[in-house]
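Reading through the structure tokens given below for one structure.
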Amino acid sequence: MTLLTGAVAYDPKVVAVWTGFRTWLTERGLPFDFLLYSHYERQVEDLAAGRIHAAWLSPLAWIRCRRLAAARGARPRPLVMRDTDRGLRSVIAVRADAPYANVHDLKGRTVAVGAVDSPQATLIPLSLLRAEGLKPGEDVRVRRHDVGVGLHGDHVGGEREAARALLSGEADAACLLDASHLLFGQEGTLPPGSTRLLTSTAAYDHCVLAVSDAVPAAAADRLRDLLLGMDPADAEVRRLFDLEGLNAWLPGRDEGFTALATAVDETGFYDAAGRVTAEDYRP
Amino acid sequence: MSPHPGRPGPRVALDLAGLPFGQGAHLLVQRALAGLEPGQELAVTGRDPELFVHLSAWCRGHGHRVRPGEDPDGTAPADAPGGPPRGPVRAVIGRGPGGPDRWAGAARAGGAAPDGIVARPDAGWGLAARGALVEDGAPAPSFDLAERDLVWAEVAPRLYAHAASAQWDPATAVPWDAPVDLPPAVEAAVVQVMTYLVENEQAALVVPARLLTRIHPHFREVVQLLAVQAADEARHVEVFTRRALLRDATMGTSSAGGRASLAGLLTEPDFALASFLLSVLGEGSFLNLLSFLDRHAPDPVTRAVVRLAHQDEARHVAFGVAHLEHRASVEPALRGRLRGAVERRHDMLRDTAGLNQDVMDALVVLAAGGWEPAAIGRGHHQVQGLLAAMDQGRQRRLVRLGFPADEAADLSALHTRNFM
């Protein structure tokens with residue numbers, strides 16, 4: 001059988017990445033092909049319906065994948081993940097001269113976030129505010145930046161807009177991925193010394209390559225072993241790793257998604273059966 | 001090796017002081033990590049409040065392990081009484097496996113100096129500096145002139161250095177304000193000759209510019225030399241145009257035969273043959289023409305522009321001859337191919353007029369210096385002398401390339417009547 005894997009085309013480079021993986025895997029005897037989607041929701045539904053065997057999933061898509069499968073009694077597994085998808089943090093940044101000492105000082109203020117479906121720039125940091133007793137929309141105003149809705153925050157544009165809103169004074173705080181805050185400082189979106197961090201979340205995990213349990217274990221294991229064996233000493237592997245943003249593949253794990261699952265439940269983004277229940281979410 | 005096998009090795013300390021991580025601190029971390037022994041960890045101190053968050057994000061992207069130190073948030077006072085002198089440790093880093101692997105298949109792209117040039121540089125070296133350590137895996141640009149013997153001459157580095165040092169500024173090297181008040185017919189002759197020179201120099205610009213984009217950058221001195229050669233011609237085009245328009249805003253004529261002759265230069269794809277036709281035969285003949293114009297220039301501006309162009313053209317001819325000498329030494333059949341190129345071009349141009357008659361007449365007028373029959377007769381004689389000098393110059397260079405004298409005479413006679 002040809003292992004058919006889904007991926008979301010959040011950027012033109014996705015074609016180069018998966019074409020490269022397809023060539024690399026088929027050259028090693030694993031029949032492999034890919035299917036591109038314009039957003040994560042249709043891809044997850046197709047994985048659950050058995051139209052594709054595996055899928056490269058955002059953390060939010062992984063949550064939905066688990067719920068859709070559970071409703072059918074299936075158990076997809078997170079096959080592998082990038083080393084760079086472990087241990088992420090979201091941060092809440094404020095302007096350096098702002099009078100706020102902790103998140104409670106944001107009560108009555110405006111918080112800029114990324115797209116409605118961004119785990120790192122919207123769902124997880126707003127859940128942190130909730131845990132601190134600040135209800136988004138009631139205790140704090142939320143200014144959303146819906147860039148690339150359906151891409152689950154893969155498009156960094158929403159975060160960049162949030163950072164700009166903070167800088168311009170439209171917002172009093174901005175929710176960002178830790179690496180984005182570092183990047184925006186280095187590229188000048190946030191001038192040096194213009195912001196400081198009010199808080200950061202606990203570490204969580206990000207994307208996974210999920211495989212349906214309908215796929216024979218031998219085929220899934222072969223895919224996993226080939227990926228885990230990719231050696232960056234090989235120039236072609238290095239090119240693919242650079243494009244895809246990893247240093248090494250690691251075995252997939254399921255324990256880094258608790259914070260996001262909580263956020264999904266708090267907002268009613270998906271229901272327990274994996275149906276999309278967020279009212280203002282139109283991918 | 002760790003002093004305690006199986007247990008974490010000793011820590012190496014790195015203090016970032018007040019340097020924010022996003023403002024270059026990663027260089028210090030990277031340098032310290034590169035110096036770690038297996039099993040060692042890096043203990044980072046510093047006062048940047050965002051240090052741990054940013055360091056974690058950076059380490060994640062680079063495949064290094066990081067964990068919080070005694071005080072990741074940096075809230076403890078630095079240099080507390082009885083505490084460590086650099087403040088509390090903010091993060092502890094273990095070096096990941098990435099990094100050195102990237103260079104596992106890397107190779108040196110020859111040596112930096114000319115004696116490090118290789119006969120056939122790897123296409124994958126592409127635009128890398130000669131002598132650089134080149135990571136493998138990039139797409140190979142298509143430079144089809146990728147063999148030393150196809151482009152090289154030992155004199156290339158010296159000629160390039162000379163070319164770079166001999167650049168002149170068109171704005172200041174020519175006495176543009178000098179008095180130029182010629183009889184209208186003589187001025188018209190100057191304008192016609194300048195119009196002809198511009199046309200030819202444009203061909204002499206395009207030919208090296210096209211060739212240099214095909215040469216493997218490993219032979220950088222040749223690329224540099226051809227780039228300066230093209231730039232030389234750009235300045236020649238400028239000063240000849242400016243002299244033509246000095247008194248009147250009208251250029252002279254351009255004949256179909258002249259342009260047909262030049263078109264034959266543009267279509268020659270072979271580096272040796274293009275060098276031969278352009279530099280050895282064409283620009284070689286132009287050396288005589290420019291000397292002639294220097295001798296008979298009716299005004300100081302005309303004299304200056306042709307003299308400056310002559311300096312540059314001599315260098316172009318020198319490289320062409322030197323390259324073909326080198327090439328002939330490794331390719332015995334070269335002379336046969338050179339001969340074929342001259343004959344082919346001659347056959348193509350057989351039914352064209354060759355040199356624009358207006359140009360020939362203008363040269364006579366300039367050499368005559370007046371309209372008396374005797375002066376015109378002298379002018380005509382001088383131009384005949386120019387043609388003979390061009391012929392002798394071509395024959396001399398052909399003999400230098402190894403052609404027997406009688407064959408050199410035959411080939412020189414087949415050269416285009418358009419001079420270039």
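To be explicit about the labels: the chains of the structure tokens are called A, B, and onward in the order shown, and within each one the residues are counted from 1, while ligands get numbers from 1 in the order they are shown.
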Quiz item: Just asking: which residues within segment 26-188 of chain B are alpha helix (DSSP H) according to DSSP, as a ChimeraX atom specification?
Solution: /B:26-34,51-62,148-151,156-165,170-173,184-188
Find the residues near Arg327 of chain B: any atom within 8 Å, counting only C-alpha atoms, skip ones fewer than 6 places away on the same chain, and give them as a PDB file with N, CA and C atoms, in the first residue's frame.
```pdb
ATOM      1  N   ASP B 149      41.584  25.098 -18.576  1.00  0.00           N
ATOM      2  CA  ASP B 149      42.187  25.373 -19.882  1.00  0.00           C
ATOM      3  C   ASP B 149      41.244  26.111 -20.826  1.00  0.00           C
ATOM      4  N   LEU B 150      39.955  26.092 -20.525  1.00  0.00           N
ATOM      5  CA  LEU B 150      38.992  26.774 -21.408  1.00  0.00           C
ATOM      6  C   LEU B 150      39.012  28.284 -21.235  1.00  0.00           C
ATOM      7  N   ALA B 272      37.203  30.555 -26.750  1.00  0.00           N
ATOM      8  CA  ALA B 272      38.470  30.796 -27.449  1.00  0.00           C
ATOM      9  C   ALA B 272      38.225  31.548 -28.747  1.00  0.00           C
ATOM     10  N   LEU B 334      43.684  23.707 -31.921  1.00  0.00           N
ATOM     11  CA  LEU B 334      43.076  25.033 -31.773  1.00  0.00           C
ATOM     12  C   LEU B 334      43.256  25.891 -33.018  1.00  0.00           C
TER      13      LEU B 334
END
```
Practice problem: Pull out every residue of chain A sitting within 7 Å of chain B, counting only C-alpha atoms, and send them as a PyMOL selection string. | Solution: chain A and resi 83-84+178-179+182+185-186+197+232-233+235-236+247
Quiz item: Could you name the residues that touch Leu68 of chain A at 12 Å or less, counting only C-alpha atoms, but leaving out those on the same chain fewer than 3 positions away, as number ranges by chain?
Solution: A: 41, 44-50, 61-65, 71-76, 212, 270-276
Could those residues be written to a file, using C-alpha atoms, as a PDB file, in the first residue's frame?
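As written to disk, out-v9.pdb reads:
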```pdb
ATOM      1  CA  GLU A  41     -10.121  20.900   9.794  1.00  0.00           C
ATOM      2  CA  VAL A  44      -8.407  15.948  10.330  1.00  0.00           C
ATOM      3  CA  GLU A  45     -11.864  14.924   9.144  1.00  0.00           C
ATOM      4  CA  ASP A  46     -10.316  13.002   6.241  1.00  0.00           C
ATOM      5  CA  LEU A  47      -7.887  11.267   8.592  1.00  0.00           C
ATOM      6  CA  ALA A  48     -10.745  10.255  10.880  1.00  0.00           C
ATOM      7  CA  ALA A  49     -12.790   9.055   7.884  1.00  0.00           C
ATOM      8  CA  GLY A  50      -9.901   6.921   6.630  1.00  0.00           C
ATOM      9  CA  ALA A  61      -5.589  19.408  15.066  1.00  0.00           C
ATOM     10  CA  TRP A  62      -4.115  16.620  17.181  1.00  0.00           C
ATOM     11  CA  ILE A  63      -6.618  17.394  19.952  1.00  0.00           C
ATOM     12  CA  ARG A  64      -9.475  17.205  17.443  1.00  0.00           C
ATOM     13  CA  CYS A  65      -8.009  14.083  15.841  1.00  0.00           C
ATOM     14  CA  ALA A  71     -15.959   8.978  19.193  1.00  0.00           C
ATOM     15  CA  ARG A  72     -15.486   6.104  16.733  1.00  0.00           C
ATOM     16  CA  GLY A  73     -13.514   3.932  19.109  1.00  0.00           C
ATOM     17  CA  ALA A  74     -10.290   4.439  17.198  1.00  0.00           C
ATOM     18  CA  ARG A  75      -6.872   5.317  18.597  1.00  0.00           C
ATOM     19  CA  PRO A  76      -4.563   7.256  16.291  1.00  0.00           C
ATOM     20  CA  SER A 212      -4.401   6.227  11.872  1.00  0.00           C
ATOM     21  CA  TYR A 270     -14.349  21.595  19.818  1.00  0.00           C
ATOM     22  CA  ASP A 271     -16.777  19.419  21.706  1.00  0.00           C
ATOM     23  CA  ALA A 272     -15.893  16.078  23.261  1.00  0.00           C
ATOM     24  CA  ALA A 273     -16.736  14.286  20.011  1.00  0.00           C
ATOM     25  CA  GLY A 274     -14.438  16.520  18.008  1.00  0.00           C
ATOM     26  CA  ARG A 275     -17.113  18.664  16.350  1.00  0.00           C
ATOM     27  CA  VAL A 276     -16.194  22.308  15.659  1.00  0.00           C
TER      28      VAL A 276
END
```
Exercise. Fewer than 3 positions away in the same chain doesn't count, so skip those; otherwise give me all residues within 12 Å of Gly282 of chain B, counting only C-alpha atoms, as JSON, numbers by chain.
Key: {"B": [200, 201, 203, 204, 207, 261, 262, 264, 265, 273, 274, 275, 276, 277, 278, 279, 285, 286, 287, 288, 289, 313, 314, 316, 317, 320, 321, 342, 390, 391, 393, 394, 397, 412, 415, 416, 417, 418, 419, 420]}
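Computed from the coordinates, the atom CA of Gly124 of chain B to atom CA of Pro141 of chain B distance equals 7.2 Å.
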Quiz item: Counting only C-alpha atoms, what is within 12 Å of segment 357-365 of chain B, bar same-chain residues fewer than 5 positions away, as a PyMOL selection string?
Solution: chain B and resi 183-197+199+252-258+289-290+292-298+370-387+417-419
Residues from the last selection, C-alpha atoms, saved as a short mmCIF file (atom, residue, chain, number, x, y, z; two decimals), in the first residue's frame:
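The resulting again.cif:
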```cif
data_model
loop_
_atom_site.label_atom_id
_atom_site.label_comp_id
_atom_site.auth_asym_id
_atom_site.auth_seq_id
_atom_site.Cartn_x
_atom_site.Cartn_y
_atom_site.Cartn_z
CA PRO B 183 35.58 73.77 -39.32
CA PRO B 184 32.13 72.17 -39.75
CA ALA B 185 33.40 69.43 -42.10
CA VAL B 186 36.17 68.40 -39.72
CA GLU B 187 33.76 68.44 -36.76
CA ALA B 188 31.39 66.26 -38.83
CA ALA B 189 34.25 63.83 -39.50
CA VAL B 190 34.98 63.58 -35.76
CA VAL B 191 31.27 63.00 -35.03
CA GLN B 192 31.15 60.24 -37.67
CA VAL B 193 34.21 58.47 -36.29
CA MET B 194 32.87 58.72 -32.72
CA THR B 195 29.51 57.30 -33.84
CA TYR B 196 31.36 54.36 -35.37
CA LEU B 197 33.49 53.85 -32.26
CA GLU B 199 28.81 51.08 -32.12
CA GLY B 252 26.61 60.34 -37.41
CA THR B 253 25.51 57.34 -39.47
CA SER B 254 25.45 53.60 -38.77
CA SER B 255 25.74 51.30 -41.78
CA ALA B 256 24.02 47.94 -42.19
CA GLY B 257 27.31 46.33 -43.23
CA GLY B 258 29.09 47.52 -40.08
CA LEU B 289 42.96 52.87 -35.34
CA LEU B 290 43.11 54.62 -31.96
CA PHE B 292 45.94 56.87 -35.87
CA LEU B 293 43.18 59.02 -34.35
CA ASP B 294 45.52 60.16 -31.57
CA ARG B 295 48.05 61.27 -34.25
CA HIS B 296 45.45 63.09 -36.36
CA ALA B 297 43.08 64.33 -33.65
CA PRO B 298 42.05 67.89 -34.49
CA GLY B 370 42.35 70.48 -45.12
CA TRP B 371 40.47 70.40 -48.40
CA GLU B 372 43.26 71.08 -50.86
CA PRO B 373 43.68 68.20 -53.32
CA ALA B 374 47.19 67.59 -52.06
CA ALA B 375 45.98 67.38 -48.46
CA ILE B 376 43.22 64.93 -49.37
CA GLY B 377 45.79 62.88 -51.24
CA ARG B 378 47.99 62.83 -48.15
CA GLY B 379 45.02 61.85 -46.01
CA HIS B 380 44.14 58.98 -48.30
CA HIS B 381 47.74 57.81 -48.18
CA GLN B 382 47.71 57.94 -44.36
CA VAL B 383 44.56 55.80 -44.21
CA GLN B 384 46.16 53.27 -46.56
CA GLY B 385 49.07 53.24 -44.13
CA LEU B 386 46.63 52.58 -41.28
CA LEU B 387 45.15 49.59 -43.10
CA ARG B 417 36.79 45.27 -43.41
CA ASN B 418 34.92 46.81 -40.51
CA PHE B 419 38.16 46.53 -38.41
#
```
Quiz item: In segment 59-267 of chain B, what's strand (DSSP E or B) per DSSP? Answer as a VMD selection string?
Solution: chain B and resid 65 to 68 91 to 94 107 to 108 133 to 134 145 215
Exercise. Show which residues sit within 10 Å of Thr26 of chain A, as a list in words. Count only C-alpha atoms, and ignore same-chain residues fewer than 6 positions away.
Key: Thr2, Phe32 and Asp33 of chain A
Exercise. For atom CA of Arg86 of chain A and atom CA of Asp205 of chain A, determine how far apart the two atoms are, in Å to one decimal place.
Key: 4.6 Å
